[in-house]
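Q: To be precise about what I am sending: the file is called input.cif and holds mmCIF, C-alpha atoms and all ligand atoms.
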data_upload
#
loop_
_atom_site.label_atom_id
_atom_site.label_comp_id
_atom_site.auth_asym_id
_atom_site.auth_seq_id
_atom_site.Cartn_x
_atom_site.Cartn_y
_atom_site.Cartn_z
CA MET A 709 15.51 -11.93 25.38
CA LYS A 710 14.27 -11.54 21.81
CA GLU A 711 11.58 -9.09 22.98
CA LEU A 712 14.20 -7.07 24.85
CA ILE A 713 16.37 -6.83 21.75
CA TRP A 714 13.41 -5.77 19.62
CA GLY A 715 12.47 -3.18 22.26
CA LEU A 716 15.97 -1.74 22.20
CA LEU A 717 16.05 -1.78 18.40
CA GLU A 718 12.81 0.18 18.30
CA LEU A 719 14.36 2.85 20.53
CA VAL A 720 17.25 3.23 18.13
CA PHE A 721 15.23 2.76 14.94
CA PRO A 722 11.70 4.07 15.53
CA LYS A 723 8.94 2.56 13.42
CA PHE A 724 8.00 4.23 10.16
CA CYS A 725 5.38 3.58 7.50
CA ILE A 726 6.74 1.16 4.90
CA ILE A 727 4.84 3.04 2.19
CA CYS A 728 5.22 6.80 2.89
CA HIS A 729 8.04 6.60 5.49
CA ARG A 730 6.09 8.74 7.98
CA SER A 731 7.14 7.85 11.54
CA GLY A 732 4.56 6.07 13.67
CA ASP A 733 3.00 2.78 12.62
CA GLU A 734 4.57 0.32 10.18
CA ILE A 735 1.66 1.15 7.91
CA CYS A 736 0.11 4.55 8.65
CA LEU A 737 -3.67 4.94 8.71
CA GLU A 738 -3.76 6.95 5.50
CA CYS A 739 -1.70 4.46 3.43
CA GLY A 740 -3.49 1.47 4.95
CA SER A 741 -6.93 2.93 4.18
CA TYR A 742 -6.42 2.46 0.41
CA TRP A 743 -5.89 -1.28 0.91
CA VAL A 744 -8.74 -1.82 3.36
CA ALA A 745 -11.67 -0.52 1.35
CA LYS A 746 -14.71 -1.75 -0.55
CA PRO A 747 -13.44 -3.80 -3.52
CA TYR A 748 -13.97 -2.70 -7.11
CA LYS A 749 -15.54 -5.11 -9.55
CA ILE A 750 -14.73 -5.04 -13.26
CA ASN A 751 -15.42 -7.44 -16.13
CA PHE A 752 -12.34 -9.17 -17.44
CA GLY A 753 -13.76 -10.84 -20.53
CA GLU A 754 -16.43 -13.08 -19.04
CA THR A 755 -14.72 -13.26 -15.66
CA LYS A 756 -15.56 -10.92 -12.79
CA LEU A 757 -12.42 -9.41 -11.32
CA TYR A 758 -12.41 -8.00 -7.79
CA PHE A 759 -9.61 -5.82 -6.42
CA VAL A 760 -9.18 -3.17 -3.74
CA LYS A 761 -6.27 -0.95 -4.67
CA ASP A 762 -5.70 0.86 -7.96
CA TYR A 763 -2.27 0.13 -9.35
CA ASP A 764 0.07 3.08 -8.76
CA SER A 765 3.58 3.70 -7.42
CA GLN A 766 2.44 2.86 -3.85
CA ALA A 767 0.95 -0.43 -4.99
CA ALA A 768 4.13 -1.25 -6.91
CA LYS A 769 6.19 -0.53 -3.80
CA VAL A 770 4.08 -2.73 -1.50
CA THR A 771 3.99 -5.58 -4.04
CA LEU A 772 7.76 -5.44 -4.45
CA LEU A 773 8.36 -5.29 -0.67
CA ALA A 774 6.30 -8.46 -0.30
CA LYS A 775 7.85 -10.25 -3.27
CA GLU A 776 11.52 -9.38 -3.00
CA ASN A 777 12.00 -8.35 0.66
CA HIS A 778 9.51 -10.77 2.23
CA ASN A 779 8.20 -7.78 4.20
CA LYS A 780 5.62 -9.10 6.67
CA GLU A 781 3.55 -5.91 6.80
CA ALA A 782 3.35 -5.76 3.00
CA ILE A 783 2.35 -9.44 2.79
CA ASN A 784 -0.34 -8.92 5.45
CA LEU A 785 -1.72 -5.85 3.66
CA ILE A 786 -1.93 -7.65 0.31
CA SER A 787 -3.48 -10.73 1.96
CA PHE A 788 -6.13 -8.62 3.67
CA SER A 789 -7.07 -6.84 0.41
CA ILE A 790 -7.43 -10.20 -1.34
CA PHE A 791 -9.52 -11.50 1.57
CA LEU A 792 -11.87 -8.50 1.11
CA SER A 793 -12.05 -9.17 -2.65
CA ILE A 794 -12.98 -12.84 -2.05
CA LYS A 795 -15.62 -11.83 0.50
CA ALA A 796 -17.16 -9.45 -2.04
CA LEU A 797 -17.18 -12.17 -4.71
CA ILE A 798 -18.72 -14.73 -2.31
CA ASN A 799 -21.44 -12.30 -1.20
CA GLU A 800 -22.35 -11.05 -4.67
CA SER A 801 -22.31 -14.48 -6.32
CA LYS A 802 -23.92 -16.13 -3.25
CA LEU A 803 -21.25 -18.85 -3.18
CA SER A 804 -21.36 -21.54 -0.52
CA GLY A 805 -19.36 -24.59 0.48
CA THR A 806 -15.61 -25.04 0.33
CA ILE A 807 -13.80 -22.80 -2.12
CA ASN A 808 -10.75 -23.80 -4.15
CA ILE A 809 -8.26 -21.00 -4.64
CA VAL A 810 -6.03 -21.38 -7.68
CA THR A 811 -3.03 -19.05 -7.75
CA ILE A 812 -1.35 -17.74 -10.88
CA PRO A 813 1.99 -19.57 -10.95
CA SER A 814 5.45 -18.01 -10.76
CA SER A 815 8.29 -19.67 -12.64
CA SER A 816 10.32 -22.21 -10.70
CA LYS A 817 13.35 -20.00 -11.42
CA THR A 818 11.71 -17.05 -9.62
CA ILE A 819 10.71 -19.26 -6.67
CA MET A 820 14.28 -20.59 -6.43
CA LYS A 821 15.74 -17.08 -6.59
CA ARG A 822 13.45 -15.78 -3.82
CA GLY A 823 13.76 -18.94 -1.78
CA ARG A 824 9.98 -18.95 -1.35
CA ASP A 825 6.74 -18.95 -3.29
CA ASN A 826 5.29 -15.49 -2.62
CA ILE A 827 1.80 -16.10 -4.03
CA SER A 828 1.47 -19.39 -2.14
CA ASP A 829 2.46 -17.67 1.15
CA ILE A 830 -0.15 -14.97 0.48
CA CYS A 831 -2.77 -17.60 -0.41
CA ASN A 832 -2.20 -19.42 2.89
CA LYS A 833 -2.63 -16.15 4.81
CA VAL A 834 -5.83 -15.38 2.90
CA ILE A 835 -7.17 -18.86 3.75
CA LYS A 836 -6.49 -18.26 7.47
CA LEU A 837 -8.44 -14.98 7.31
CA LEU A 838 -11.32 -16.70 5.49
CA ARG A 839 -11.43 -19.56 8.02
CA LYS A 840 -11.55 -17.06 10.89
CA ASP A 841 -14.55 -15.61 9.11
CA GLY A 842 -16.23 -19.04 8.85
CA ILE A 843 -15.43 -19.61 5.15
CA ASN A 844 -13.73 -22.85 4.18
CA ALA A 845 -11.14 -22.50 1.45
CA ASN A 846 -8.26 -24.58 0.13
CA ASN A 847 -5.01 -23.61 -1.56
CA THR A 848 -5.26 -25.68 -4.74
CA PRO A 849 -2.35 -24.61 -6.98
CA VAL A 850 -3.23 -26.73 -10.01
CA LEU A 851 -1.70 -24.34 -12.53
CA THR A 852 1.93 -24.60 -13.50
CA GLN A 853 4.20 -23.16 -16.17
CA VAL A 854 4.64 -25.80 -18.86
CA ARG A 855 7.33 -24.03 -20.81
CA ARG A 856 10.03 -21.45 -20.25
CA VAL A 857 8.86 -17.81 -20.23
CA ARG A 858 10.82 -14.55 -20.20
CA ASP A 859 10.75 -12.09 -17.28
CA GLN A 860 7.47 -10.22 -17.84
CA SER A 861 8.68 -7.01 -16.18
CA LYS A 862 10.97 -6.27 -19.12
CA LEU A 863 8.30 -6.77 -21.79
CA ASN A 864 5.64 -4.51 -23.28
CA ARG A 865 1.97 -5.40 -23.43
CA VAL A 866 2.04 -7.26 -26.77
CA GLU A 867 5.25 -9.11 -25.87
CA ARG A 868 3.70 -10.19 -22.57
CA ILE A 869 0.73 -11.77 -24.32
CA ARG A 870 3.03 -13.64 -26.72
CA ASN A 871 5.37 -14.61 -23.89
CA LEU A 872 2.57 -16.30 -21.96
CA ASP A 873 0.67 -17.82 -24.88
CA TYR A 874 -0.01 -21.45 -23.87
CA ALA A 875 2.54 -21.14 -21.06
CA TYR A 876 0.30 -22.62 -18.33
CA GLY A 877 -0.98 -26.13 -17.92
CA LEU A 878 -2.64 -28.16 -15.19
CA LYS A 879 -0.44 -30.31 -13.00
CA ASN A 880 -3.43 -31.87 -11.32
CA LYS A 881 -6.78 -32.04 -13.08
CA GLN A 882 -8.59 -33.18 -9.96
CA LEU A 883 -10.32 -30.25 -8.32
CA ASP A 884 -13.17 -30.89 -5.88
CA GLY A 885 -16.37 -29.47 -7.32
CA ASN A 886 -14.51 -28.62 -10.54
CA SER A 887 -14.64 -24.89 -9.79
CA CYS A 888 -12.28 -22.30 -8.35
CA ILE A 889 -11.46 -18.69 -7.63
CA LEU A 890 -8.38 -17.41 -9.47
CA MET A 891 -5.98 -15.35 -7.38
CA ASP A 892 -2.95 -13.14 -7.93
CA ASP A 893 -1.33 -10.38 -5.88
CA LEU A 894 -1.22 -7.87 -8.73
CA ILE A 895 -2.79 -7.62 -12.17
CA THR A 896 -1.32 -5.10 -14.62
CA THR A 897 -1.70 -5.97 -18.31
CA GLY A 898 -3.81 -9.01 -17.47
CA SER A 899 -1.72 -11.32 -19.68
CA SER A 900 -1.14 -13.85 -16.86
CA LEU A 901 -4.81 -13.77 -15.92
CA SER A 902 -5.86 -14.33 -19.56
CA GLU A 903 -3.55 -17.30 -19.89
CA ALA A 904 -4.73 -18.78 -16.57
CA ILE A 905 -8.35 -18.44 -17.67
CA ARG A 906 -7.54 -20.14 -20.99
CA ALA A 907 -5.80 -23.09 -19.30
CA LEU A 908 -8.56 -23.64 -16.73
CA THR A 909 -11.39 -23.19 -19.22
CA GLU A 910 -9.84 -25.73 -21.60
CA ALA A 911 -9.62 -28.16 -18.67
CA LYS A 912 -13.38 -27.55 -18.13
CA ILE A 913 -12.89 -25.98 -14.71
CA THR A 914 -15.43 -23.30 -13.81
CA ILE A 915 -13.91 -19.99 -12.77
CA LEU A 916 -16.17 -18.41 -10.16
CA GLY A 917 -14.27 -15.12 -10.36
CA ALA A 918 -10.81 -13.63 -10.12
CA VAL A 919 -9.40 -11.72 -7.17
CA THR A 920 -6.33 -9.63 -6.52
CA ALA A 921 -5.08 -6.92 -4.17
CA CYS A 922 -4.37 -4.33 -6.82
CA ALA A 923 -5.05 -3.91 -10.52
CA VAL A 924 -4.82 -1.26 -13.16
CA GLY A 925 -8.08 0.26 -14.39
CA ARG A 926 -10.29 -1.41 -16.93
CA LYS A 927 -8.86 0.54 -19.92
CA SER A 928 -5.33 -0.74 -19.46
CA LEU A 929 -6.35 -4.37 -19.20
CA ILE A 930 -6.10 -6.51 -22.30
CA ARG A 931 -9.83 -7.15 -22.61
ZN ZN A 1001 2.04 5.87 5.17
#
Re-express the file's structure as structure tokens.
Ligand SMILES: [Zn+2]
A:
Amino acid sequence: MKELIWGLLELVFPKFCIICHRSGDEICLECGSYWVAKPYKINFGETKLYFVKDYDSQAAKVTLLAKENHNKEAINLISFSIFLSIKALINESKLSGTINIVTIPSSSKTIMKRGRDNISDICNKVIKLLRKDGINANNTPVLTQVRRVRDQSKLNRVERIRNLDYAYGLKNKQLDGNSCILMDDLITTGSSLSEAIRALTEAKITILGAVTACAVGRKSLIR
């Protein structure tokens, strides 16, 4: 019955690309190709950062569709890009064994408002893709916000750094192997990533690298 309804709905509302609105697939080949490509690698301080898509208006749209609309296609696209970034990091750094993935935390207020934890959902999808590829990984969200922070989207670069200064802490200091890969869906100014690196480094946890779906170029990052 459900299939029949979906079939009828598709007749009335044909599929269109969620990014460019061209009719056809939910993500057209051209738009999808930017997210399924060889990852870039840049140095973020002493941490290697891997990402696939340059941050632009398309990236902002897909990230927002995943975050606020819980759009399945957008979530899948972001998850696949992060999977590719992790694969690149594993291959280049010759990592083996089970990998801990630590996500950059959202505030509990944001999670409550959305009714879900977007980055955790993405992390679980990434882990499924890795397992299918024979790589064992665990979602180990040890980072948490330890004090109230303001909504980053309304702040400039300097305000963002101040806003997140000592904002993260570890809710669980036990991490198998004491090492992890840091993950976020989007990195713009890099203030969250910097703060996450500070918190983990102070807890003596080795960061094997950082991964994301999209990021702004090296010049716009904080360091
Ligand atoms: Zn498109």
Q: Separation of atom CA of A:Asn826 and atom CA of A:Leu916, in Å?
A: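 Computed distance, atom CA of A:Asn826 to atom CA of A:Leu916, equals 22.9 Å.
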Q: Can you tell me how far atom CA of A:Lys862 sits from atom CA of A:Thr771, in Å to one decimal?
A: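 Going from atom CA of A:Lys862 over to atom CA of A:Thr771 covers 16.6 Å.
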Q: Within 6 Å of stretch 785-796 of chain A, counting only C-alpha atoms, which residues qualify if same-chain residues fewer than 5 places away don't, as a PyMOL selection string?
A: chain A and resi 743+747+758-760+830+834+919-921
Q: Which one of A:Glu754, A:Asp893, A:Glu734, A:Asp859 sits closest to A:Ser828 if you count all atoms listed in the file?
A: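 Nearest to A:Ser828: A:Asp893.
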Q: Residues within 9 Å of ligand ZN 1001 (chain A), counting all atoms listed in the file: report them as a ChimeraX atom specification.
A: /A:724-740
Q: Which residue gives the smallest distance to A:Arg856 among A:Asn844, A:Cys888, A:Ile827, A:Thr818, with all atoms listed in the file counted?
A: A:Thr818
Q: If I take atom CA of A:Lys840 and atom CA of A:Arg824, how far is one from the other in Å, to one decimal?
A: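 Distance between the two atoms: 24.8 Å.
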Q: Given the choices A:Cys831, A:Thr897, A:Ala875, A:Ser902, which gets closest to A:Leu863 if the distance is worked out from all atoms listed in the file?
A: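 Looking only at the distances to A:Leu863, the closest residue turns out to be A:Thr897.
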Q: Let me make sure I understand: among A:Met820, A:Val810, A:Ile798, A:Leu872, which one has the smallest atom-to-atom distance to A:Asn847 if we use all atoms listed in the file?
A: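 Among the listed residues, A:Val810 lies closest to A:Asn847.
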Q: Kindly indicate which residue among A:Ile783, A:Val744, A:Leu894, A:Ile889 lies nearest to A:Thr914, using all atoms listed in the file for the distances.
A: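 Closest residue, counting all atoms listed in the file: A:Ile889.
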Q: Counting all atoms listed in the file, which of A:Lys769, A:Lys912, A:Arg906, A:Lys749 gets nearest to A:Tyr874?
A: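 Closest to A:Tyr874, using all atoms listed in the file: A:Arg906.
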Q: Using the atoms already present, construct N, CA and C atoms for stretch 744-755 of chain A and hand them back as a compact mmCIF listing (two decimals), keeping the file's coordinate frame.
A:
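Done, and the output landed in selection00.txt:
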# COMPACT_ATOMS: atom_id res chain seq x y z
N VAL A 744 -7.66 -1.24 2.56
CA VAL A 744 -8.74 -1.82 3.36
C VAL A 744 -10.00 -1.04 3.02
N ALA A 745 -10.52 -1.28 1.83
CA ALA A 745 -11.67 -0.52 1.35
C ALA A 745 -12.60 -1.46 0.59
N LYS A 746 -13.76 -0.93 0.21
CA LYS A 746 -14.71 -1.75 -0.55
C LYS A 746 -14.08 -2.12 -1.90
N PRO A 747 -14.07 -3.41 -2.25
CA PRO A 747 -13.44 -3.80 -3.52
C PRO A 747 -14.18 -3.26 -4.75
N TYR A 748 -13.41 -3.03 -5.80
CA TYR A 748 -13.97 -2.70 -7.11
C TYR A 748 -14.30 -4.01 -7.80
N LYS A 749 -15.25 -3.94 -8.72
CA LYS A 749 -15.54 -5.11 -9.55
C LYS A 749 -15.52 -4.67 -11.00
N ILE A 750 -14.72 -5.34 -11.83
CA ILE A 750 -14.73 -5.04 -13.26
C ILE A 750 -14.89 -6.36 -14.03
N ASN A 751 -15.31 -6.25 -15.29
CA ASN A 751 -15.42 -7.44 -16.13
C ASN A 751 -14.11 -7.64 -16.88
N PHE A 752 -13.55 -8.81 -16.70
CA PHE A 752 -12.34 -9.17 -17.44
C PHE A 752 -12.77 -10.26 -18.40
N GLY A 753 -13.12 -9.89 -19.62
CA GLY A 753 -13.76 -10.84 -20.53
C GLY A 753 -15.06 -11.29 -19.86
N GLU A 754 -15.21 -12.58 -19.69
CA GLU A 754 -16.43 -13.08 -19.04
C GLU A 754 -16.22 -13.32 -17.56
N THR A 755 -15.03 -13.01 -17.07
CA THR A 755 -14.72 -13.26 -15.66
C THR A 755 -14.85 -11.97 -14.85
